[in-house]
>>> print(open('data23.cif').read())   # mmCIF, C-alpha atoms and all ligand atoms
data_run
#
loop_
_atom_site.label_atom_id
_atom_site.label_comp_id
_atom_site.auth_asym_id
_atom_site.auth_seq_id
_atom_site.Cartn_x
_atom_site.Cartn_y
_atom_site.Cartn_z
CA MET A 63 -13.06 -0.24 10.10
CA LYS A 64 -13.02 -1.98 6.71
CA ASN A 65 -10.14 -1.86 4.24
CA ILE A 66 -10.40 -0.61 0.70
CA GLY A 67 -7.92 -1.30 -2.09
CA VAL A 68 -7.81 1.18 -4.96
CA LEU A 69 -6.72 0.29 -8.50
CA VAL A 70 -5.46 3.19 -10.60
CA SER A 71 -3.77 3.81 -13.94
CA GLY A 72 -2.97 7.50 -14.13
CA ARG A 73 -3.61 10.96 -12.73
CA GLY A 74 -5.28 9.79 -9.53
CA SER A 75 -7.56 12.71 -8.73
CA ASN A 76 -10.31 10.34 -7.55
CA LEU A 77 -7.76 8.51 -5.43
CA GLU A 78 -6.61 11.84 -4.01
CA ALA A 79 -10.21 12.71 -3.05
CA ILE A 80 -10.60 9.28 -1.42
CA ILE A 81 -7.39 9.77 0.58
CA LYS A 82 -8.42 13.27 1.63
CA ASN A 83 -11.81 11.99 2.77
CA ILE A 84 -10.24 9.13 4.71
CA GLU A 85 -7.91 11.62 6.39
CA ASN A 86 -10.73 14.02 7.31
CA GLY A 87 -13.08 11.24 8.43
CA THR A 88 -15.74 11.72 5.71
CA LEU A 89 -14.92 8.27 4.34
CA GLN A 90 -15.11 5.61 7.01
CA ALA A 91 -12.47 3.20 5.73
CA ASN A 92 -8.81 2.32 5.89
CA LEU A 93 -6.75 2.45 2.71
CA GLY A 94 -5.18 -1.03 2.57
CA CYS A 95 -3.19 -0.47 -0.61
CA VAL A 96 -3.15 1.28 -3.96
CA ILE A 97 -2.17 -0.81 -6.97
CA SER A 98 -1.33 0.45 -10.43
CA ASP A 99 -0.67 -1.21 -13.75
CA ASN A 100 1.39 1.87 -14.68
CA LYS A 101 4.74 2.42 -12.96
CA ASP A 102 4.63 6.14 -13.69
CA ALA A 103 1.09 6.79 -12.49
CA ARG A 104 0.87 10.07 -10.59
CA ALA A 105 -1.58 8.19 -8.35
CA LEU A 106 1.29 6.07 -6.94
CA GLN A 107 3.24 9.16 -5.95
CA ILE A 108 0.17 10.72 -4.30
CA THR A 109 -0.27 7.51 -2.31
CA ARG A 110 3.33 7.51 -1.11
CA ASP A 111 3.18 11.22 -0.27
CA HIS A 112 0.30 10.46 2.10
CA GLY A 113 2.14 7.54 3.68
CA PHE A 114 0.03 4.73 2.23
CA LYS A 115 1.17 1.59 0.46
CA ALA A 116 1.65 2.06 -3.31
CA ILE A 117 2.34 -0.98 -5.46
CA TRP A 118 3.07 -1.38 -9.15
CA LEU A 119 2.08 -4.77 -10.54
CA ASP A 120 3.18 -5.97 -13.95
CA PRO A 121 0.07 -5.93 -16.18
CA GLY A 122 1.58 -8.38 -18.68
CA PRO A 123 1.41 -8.21 -22.47
CA LYS A 124 -2.24 -7.19 -23.04
CA LYS A 125 -3.23 -3.56 -23.38
CA THR A 126 -6.86 -3.49 -22.21
CA TRP A 127 -7.07 -6.40 -19.75
CA LEU A 128 -4.89 -8.71 -17.66
CA LEU A 129 -4.12 -12.31 -18.58
CA PRO A 130 -5.35 -14.62 -15.78
CA GLU A 131 -1.87 -15.26 -14.34
CA TYR A 132 -1.29 -11.50 -14.09
CA GLU A 133 -4.73 -10.77 -12.68
CA GLU A 134 -4.05 -13.45 -10.03
CA THR A 135 -1.16 -11.37 -8.71
CA TYR A 136 -3.60 -8.47 -8.27
CA VAL A 137 -5.94 -10.76 -6.32
CA LYS A 138 -3.11 -12.07 -4.17
CA THR A 139 -1.87 -8.57 -3.35
CA LEU A 140 -5.35 -7.29 -2.47
CA LYS A 141 -5.86 -10.31 -0.19
CA GLU A 142 -2.46 -9.83 1.45
CA HIS A 143 -3.61 -6.34 2.39
CA ASN A 144 -6.92 -7.64 3.78
CA VAL A 145 -8.94 -5.63 1.31
CA ASP A 146 -12.72 -5.85 1.80
CA LEU A 147 -13.75 -3.63 -1.12
CA VAL A 148 -11.90 -2.95 -4.38
CA CYS A 149 -12.39 0.53 -5.86
CA LEU A 150 -11.43 1.16 -9.47
CA ALA A 151 -10.47 4.82 -9.82
CA GLY A 152 -9.39 5.47 -13.38
CA PHE A 153 -8.14 1.87 -13.77
CA MET A 154 -8.20 1.52 -17.53
CA ARG A 155 -8.51 -2.25 -17.87
CA ILE A 156 -11.41 -4.63 -18.21
CA ILE A 157 -11.82 -6.78 -15.11
CA LYS A 158 -11.97 -10.52 -15.73
CA LYS A 159 -12.82 -13.66 -13.77
CA PRO A 160 -9.94 -13.99 -11.29
CA LEU A 161 -10.78 -10.63 -9.68
CA LEU A 162 -14.54 -10.89 -10.17
CA ASP A 163 -14.62 -14.33 -8.52
CA ALA A 164 -12.29 -13.40 -5.67
CA PHE A 165 -14.19 -10.19 -4.87
CA LYS A 166 -17.73 -11.11 -5.86
CA GLY A 167 -20.03 -8.11 -5.40
CA ARG A 168 -17.14 -6.23 -3.82
CA ILE A 169 -15.70 -4.22 -6.73
CA LEU A 170 -16.82 -0.65 -7.51
CA ASN A 171 -16.02 1.53 -10.50
CA ILE A 172 -16.53 5.21 -11.24
CA HIS A 173 -17.49 6.20 -14.78
CA PRO A 174 -17.69 9.76 -16.16
CA ALA A 175 -21.15 9.51 -17.74
CA LEU A 176 -24.73 8.70 -16.76
CA LEU A 177 -24.79 4.96 -17.47
CA PRO A 178 -26.22 3.21 -19.37
CA SER A 179 -25.53 6.17 -21.69
CA PHE A 180 -21.98 6.43 -22.99
CA PRO A 181 -20.11 3.41 -21.65
CA GLY A 182 -16.48 2.93 -22.71
CA LEU A 183 -13.94 5.63 -23.48
CA GLU A 184 -13.90 9.28 -24.63
CA VAL A 185 -17.36 9.62 -23.18
CA GLN A 186 -17.39 13.41 -22.75
CA GLN A 187 -16.70 13.81 -26.47
CA LYS A 188 -19.51 11.34 -27.21
CA ALA A 189 -21.95 13.15 -24.90
CA ILE A 190 -21.24 16.51 -26.59
CA GLU A 191 -21.52 15.02 -30.09
CA TYR A 192 -24.78 13.31 -29.23
CA GLY A 193 -26.20 16.58 -28.01
CA VAL A 194 -27.37 15.52 -24.55
CA LYS A 195 -28.15 18.47 -22.28
CA PHE A 196 -27.11 16.69 -19.10
CA SER A 197 -24.34 14.25 -18.32
CA GLY A 198 -22.68 13.23 -15.08
CA CYS A 199 -21.04 10.31 -13.39
CA THR A 200 -21.94 6.88 -12.07
CA VAL A 201 -20.58 4.62 -9.35
CA HIS A 202 -21.54 1.02 -10.06
CA PHE A 203 -20.65 -2.51 -9.08
CA VAL A 204 -18.32 -4.17 -11.55
CA SER A 205 -19.71 -7.15 -13.44
CA GLU A 206 -18.52 -9.21 -16.40
CA ASP A 207 -20.01 -6.73 -18.87
CA VAL A 208 -18.15 -3.44 -19.13
CA ASP A 209 -19.79 -0.46 -17.35
CA ALA A 210 -22.98 -2.49 -16.84
CA GLY A 211 -23.18 -3.49 -13.15
CA ALA A 212 -25.79 -2.33 -10.65
CA ILE A 213 -25.71 1.41 -10.00
CA VAL A 214 -24.95 2.62 -6.47
CA THR A 215 -25.21 6.35 -7.11
CA GLN A 216 -25.08 9.00 -9.84
CA ALA A 217 -24.69 12.77 -10.11
CA VAL A 218 -25.91 15.02 -12.91
CA VAL A 219 -24.21 18.06 -14.48
CA PRO A 220 -25.41 20.29 -17.34
CA VAL A 221 -23.74 20.14 -20.74
CA LEU A 222 -23.23 23.76 -21.83
CA ASP A 223 -23.35 25.03 -25.42
CA ASP A 224 -19.71 26.03 -25.39
CA ASP A 225 -18.41 22.91 -23.64
CA THR A 226 -15.35 21.08 -24.89
CA PRO A 227 -14.62 17.52 -23.71
CA GLU A 228 -12.15 19.08 -21.26
CA THR A 229 -14.54 21.60 -19.69
CA LEU A 230 -17.28 18.98 -19.40
CA ALA A 231 -14.82 16.45 -17.93
CA ALA A 232 -13.74 18.99 -15.31
CA ARG A 233 -17.36 19.68 -14.28
CA ILE A 234 -18.05 15.94 -14.02
CA LEU A 235 -14.82 15.22 -12.15
CA LYS A 236 -15.82 17.54 -9.32
CA GLU A 237 -18.95 15.42 -8.81
CA GLU A 238 -16.95 12.18 -9.11
CA HIS A 239 -14.81 13.24 -6.17
CA ARG A 240 -17.94 13.74 -4.08
CA ILE A 241 -20.04 10.70 -5.03
CA TYR A 242 -17.30 8.06 -4.92
CA THR A 243 -16.90 8.64 -1.19
CA GLU A 244 -20.68 8.53 -0.72
CA ALA A 245 -20.93 5.25 -2.63
CA ILE A 246 -18.05 3.62 -0.76
CA ASN A 247 -19.62 4.61 2.56
CA ILE A 248 -22.95 3.07 1.50
CA VAL A 249 -21.39 -0.19 0.36
CA LEU A 250 -19.06 -0.56 3.35
CA SER A 251 -21.92 0.14 5.76
CA GLY A 252 -23.80 -2.83 4.26
CA ASN A 253 -27.01 -0.81 4.53
CA TYR A 254 -28.31 -1.69 1.09
CA LYS A 255 -29.91 -4.55 -0.76
CA ILE A 256 -29.80 -5.47 -4.43
CA ASP A 257 -33.17 -6.07 -6.03
CA GLY A 258 -32.67 -7.06 -9.67
CA ARG A 259 -30.47 -4.27 -10.96
CA ARG A 260 -31.52 -1.84 -8.24
CA VAL A 261 -29.31 -0.95 -5.29
CA ILE A 262 -31.71 0.10 -2.54
CA ARG A 263 -30.70 1.78 0.73
CA ILE A 264 -32.02 0.06 3.86
C1 LIG A 301 -12.11 9.68 -14.19
O1 LIG A 301 -12.85 10.64 -14.87
C2 LIG A 301 -12.83 8.34 -14.19
O2 LIG A 301 -14.22 8.48 -14.08
C3 LIG A 301 -12.45 7.80 -15.53
O3 LIG A 301 -11.10 8.12 -15.69
C4 LIG A 301 -10.83 9.33 -14.97
C5 LIG A 301 -9.66 9.06 -14.06
O4 LIG A 301 -9.23 10.26 -13.46
N1 LIG A 301 -12.66 6.39 -15.61
C6 LIG A 301 -13.04 5.77 -16.71
O5 LIG A 301 -13.22 6.33 -17.77
C7 LIG A 301 -13.23 4.27 -16.54
N2 LIG A 301 -13.76 3.71 -17.74
P1 LIG A 301 -8.37 10.25 -12.14
O6 LIG A 301 -7.19 9.31 -12.41
O7 LIG A 301 -7.94 11.67 -11.99
O8 LIG A 301 -9.23 9.78 -11.01
#
>>> encode(input="data23.cif", output="structure tokens", more="lines below")
Ligand code: GAR
Amino acid sequence: MKNIGVLVSGRGSNLEAIIKNIENGTLQANLGCVISDNKDARALQITRDHGFKAIWLDPGPKKTWLLPEYEETYVKTLKEHNVDLVCLAGFMRIIKKPLLDAFKGRILNIHPALLPSFPGLEVQQKAIEYGVKFSGCTVHFVSEDVDAGAIVTQAVVPVLDDDTPETLAARILKEEHRIYTEAINIVLSGNYKIDGRRVIRI
């Protein structure tokens, strides 16, 4: 069985779904380690409560990314835990070269919108303001450009007339918890090929 490493910054509901699915056998993977840039992340406590390895790593002085020497410690830790696939689950930093080079084609992210619509932050608010009738979530490979890598899977939810960013986020989150496991299973199985931007099941 392959090892995943999960990077988190906060609440950790996606991580919790991943752990639950590993425990019930829906997700065919071992959880090598969970790493957070935030000492107080609820995600770290969830990890410990389930008996997995939870690690805080100093993110350094930058707010939205990691300086190379700091990102190197993330790489080193993931390697020490024999991680095959890195899963970003609410990790609120832009991934740079040290991680991208060390885990080429082996980093996934989950985003709460139907990419390429609404990359970045506060995306539920943006979707409501734009007036789209459907939104959803996307699991994609991480590349140098933010929220722009090849798409593994997506799920769609309606945007209702009386939605607030919170109600829409909750509807999307439910789908996130389901499709992240699906996407990780696909990627770990190796039963896919990448044709241009397209991830195709084989
Ligand atoms: C999730 O909705 C995830 O898609 C989003 O942050 C939330 C984390 O929640 N990620 C991004 O916006 C990445 N740009 P969680 O900590 O409960 O999983």
>>> atom_distance(input="data23.cif", atom1="CA of Phe153 in chain A", atom2="CA of Leu222 in chain A")
27.8 Å
>>> atom_distance(input="data23.cif", atom1="CA of Phe180 in chain A", atom2="atom O5 of ligand LIG 301 (chain A)")
10.2 Å
>>> residues_near_ligand(input="data23.cif", ligand="ligand LIG 301 (chain A)", cutoff="8 Å", atoms="only C-alpha atoms and all ligand atoms", output="ChimeraX atom specification")
/A:70-78,105,150-155,171-175,181-185,199,209,231,234-235,238
>>> residues_around(input="data23.cif", residues="Lys255 in chain A", least_positions_apart="3", cutoff="12 Å", atoms="all atoms listed in the file", output="short mmCIF file (atom, residue, chain, number, x, y, z; two decimals) with C-alpha atoms, in the coordinates of the input")
data_model
loop_
_atom_site.label_atom_id
_atom_site.label_comp_id
_atom_site.auth_asym_id
_atom_site.auth_seq_id
_atom_site.Cartn_x
_atom_site.Cartn_y
_atom_site.Cartn_z
CA GLY A 167 -20.03 -8.11 -5.40
CA ALA A 212 -25.79 -2.33 -10.65
CA ILE A 213 -25.71 1.41 -10.00
CA VAL A 214 -24.95 2.62 -6.47
CA ILE A 248 -22.95 3.07 1.50
CA VAL A 249 -21.39 -0.19 0.36
CA SER A 251 -21.92 0.14 5.76
CA GLY A 252 -23.80 -2.83 4.26
CA GLY A 258 -32.67 -7.06 -9.67
CA ARG A 259 -30.47 -4.27 -10.96
CA ARG A 260 -31.52 -1.84 -8.24
CA VAL A 261 -29.31 -0.95 -5.29
CA ILE A 262 -31.71 0.10 -2.54
CA ARG A 263 -30.70 1.78 0.73
CA ILE A 264 -32.02 0.06 3.86
#
>>> closest_residue(input="data23.cif", among="A:Thr226, A:Asn100, A:Thr88, A:Asn65", to="Ile241 in chain A", atoms="only C-alpha atoms")
A:Thr88
>>> closest_residue(input="data23.cif", among="A:Leu89, A:Leu140, A:Ile157, A:Ser98", to="Trp127 in chain A", atoms="only C-alpha atoms")
A:Ile157
>>> axis_aligned_box(input="data23.cif", around="range 250-258 of chain A", padding_each_side="3 Å", output="lines of an AutoDock Vina configuration file")
center_x = -26.1
center_y = -3.5
center_z = -2.0
size_x = 20.1
size_y = 13.2
size_z = 21.4
>>> atom_distance(input="data23.cif", atom1="CA of His202 in chain A", atom2="CA of Pro178 in chain A")
10.6 Å
>>> residues_around(input="data23.cif", residues="Lys138 in chain A", least_positions_apart="4", cutoff="12 Å", atoms="all atoms listed in the file", output="ChimeraX atom specification")
/A:67,97,119,131-134,142-145,160-161,164-165
>>> residues_around(input="data23.cif", residues="Ile66 in chain A", least_positions_apart="3", cutoff="8 Å", atoms="only C-alpha atoms", output="PDB file with C-alpha atoms, in the coordinates of the input")
ATOM      1  CA  ALA A  91     -12.470   3.200   5.730  1.00  0.00           C
ATOM      2  CA  ASN A  92      -8.810   2.320   5.890  1.00  0.00           C
ATOM      3  CA  LEU A  93      -6.750   2.450   2.710  1.00  0.00           C
ATOM      4  CA  GLY A  94      -5.180  -1.030   2.570  1.00  0.00           C
ATOM      5  CA  CYS A  95      -3.190  -0.470  -0.610  1.00  0.00           C
ATOM      6  CA  VAL A 145      -8.940  -5.630   1.310  1.00  0.00           C
ATOM      7  CA  ASP A 146     -12.720  -5.850   1.800  1.00  0.00           C
ATOM      8  CA  LEU A 147     -13.750  -3.630  -1.120  1.00  0.00           C
ATOM      9  CA  VAL A 148     -11.900  -2.950  -4.380  1.00  0.00           C
ATOM     10  CA  CYS A 149     -12.390   0.530  -5.860  1.00  0.00           C
TER      11      CYS A 149
END
>>> closest_residue(input="data23.cif", among="A:Gly193, A:Gly113, A:Pro130, A:Gly87", to="Val221 in chain A", atoms="all atoms listed in the file")
A:Gly193
>>> closest_residue(input="data23.cif", among="A:Ile81, A:Met63, A:Phe203, A:Lys158", to="Ile256 in chain A", atoms="all atoms listed in the file")
A:Phe203
>>> closest_residue(input="data23.cif", among="A:Gln186, A:Thr139, A:Thr200, A:Thr243", to="Leu69 in chain A", atoms="all atoms listed in the file")
A:Thr139
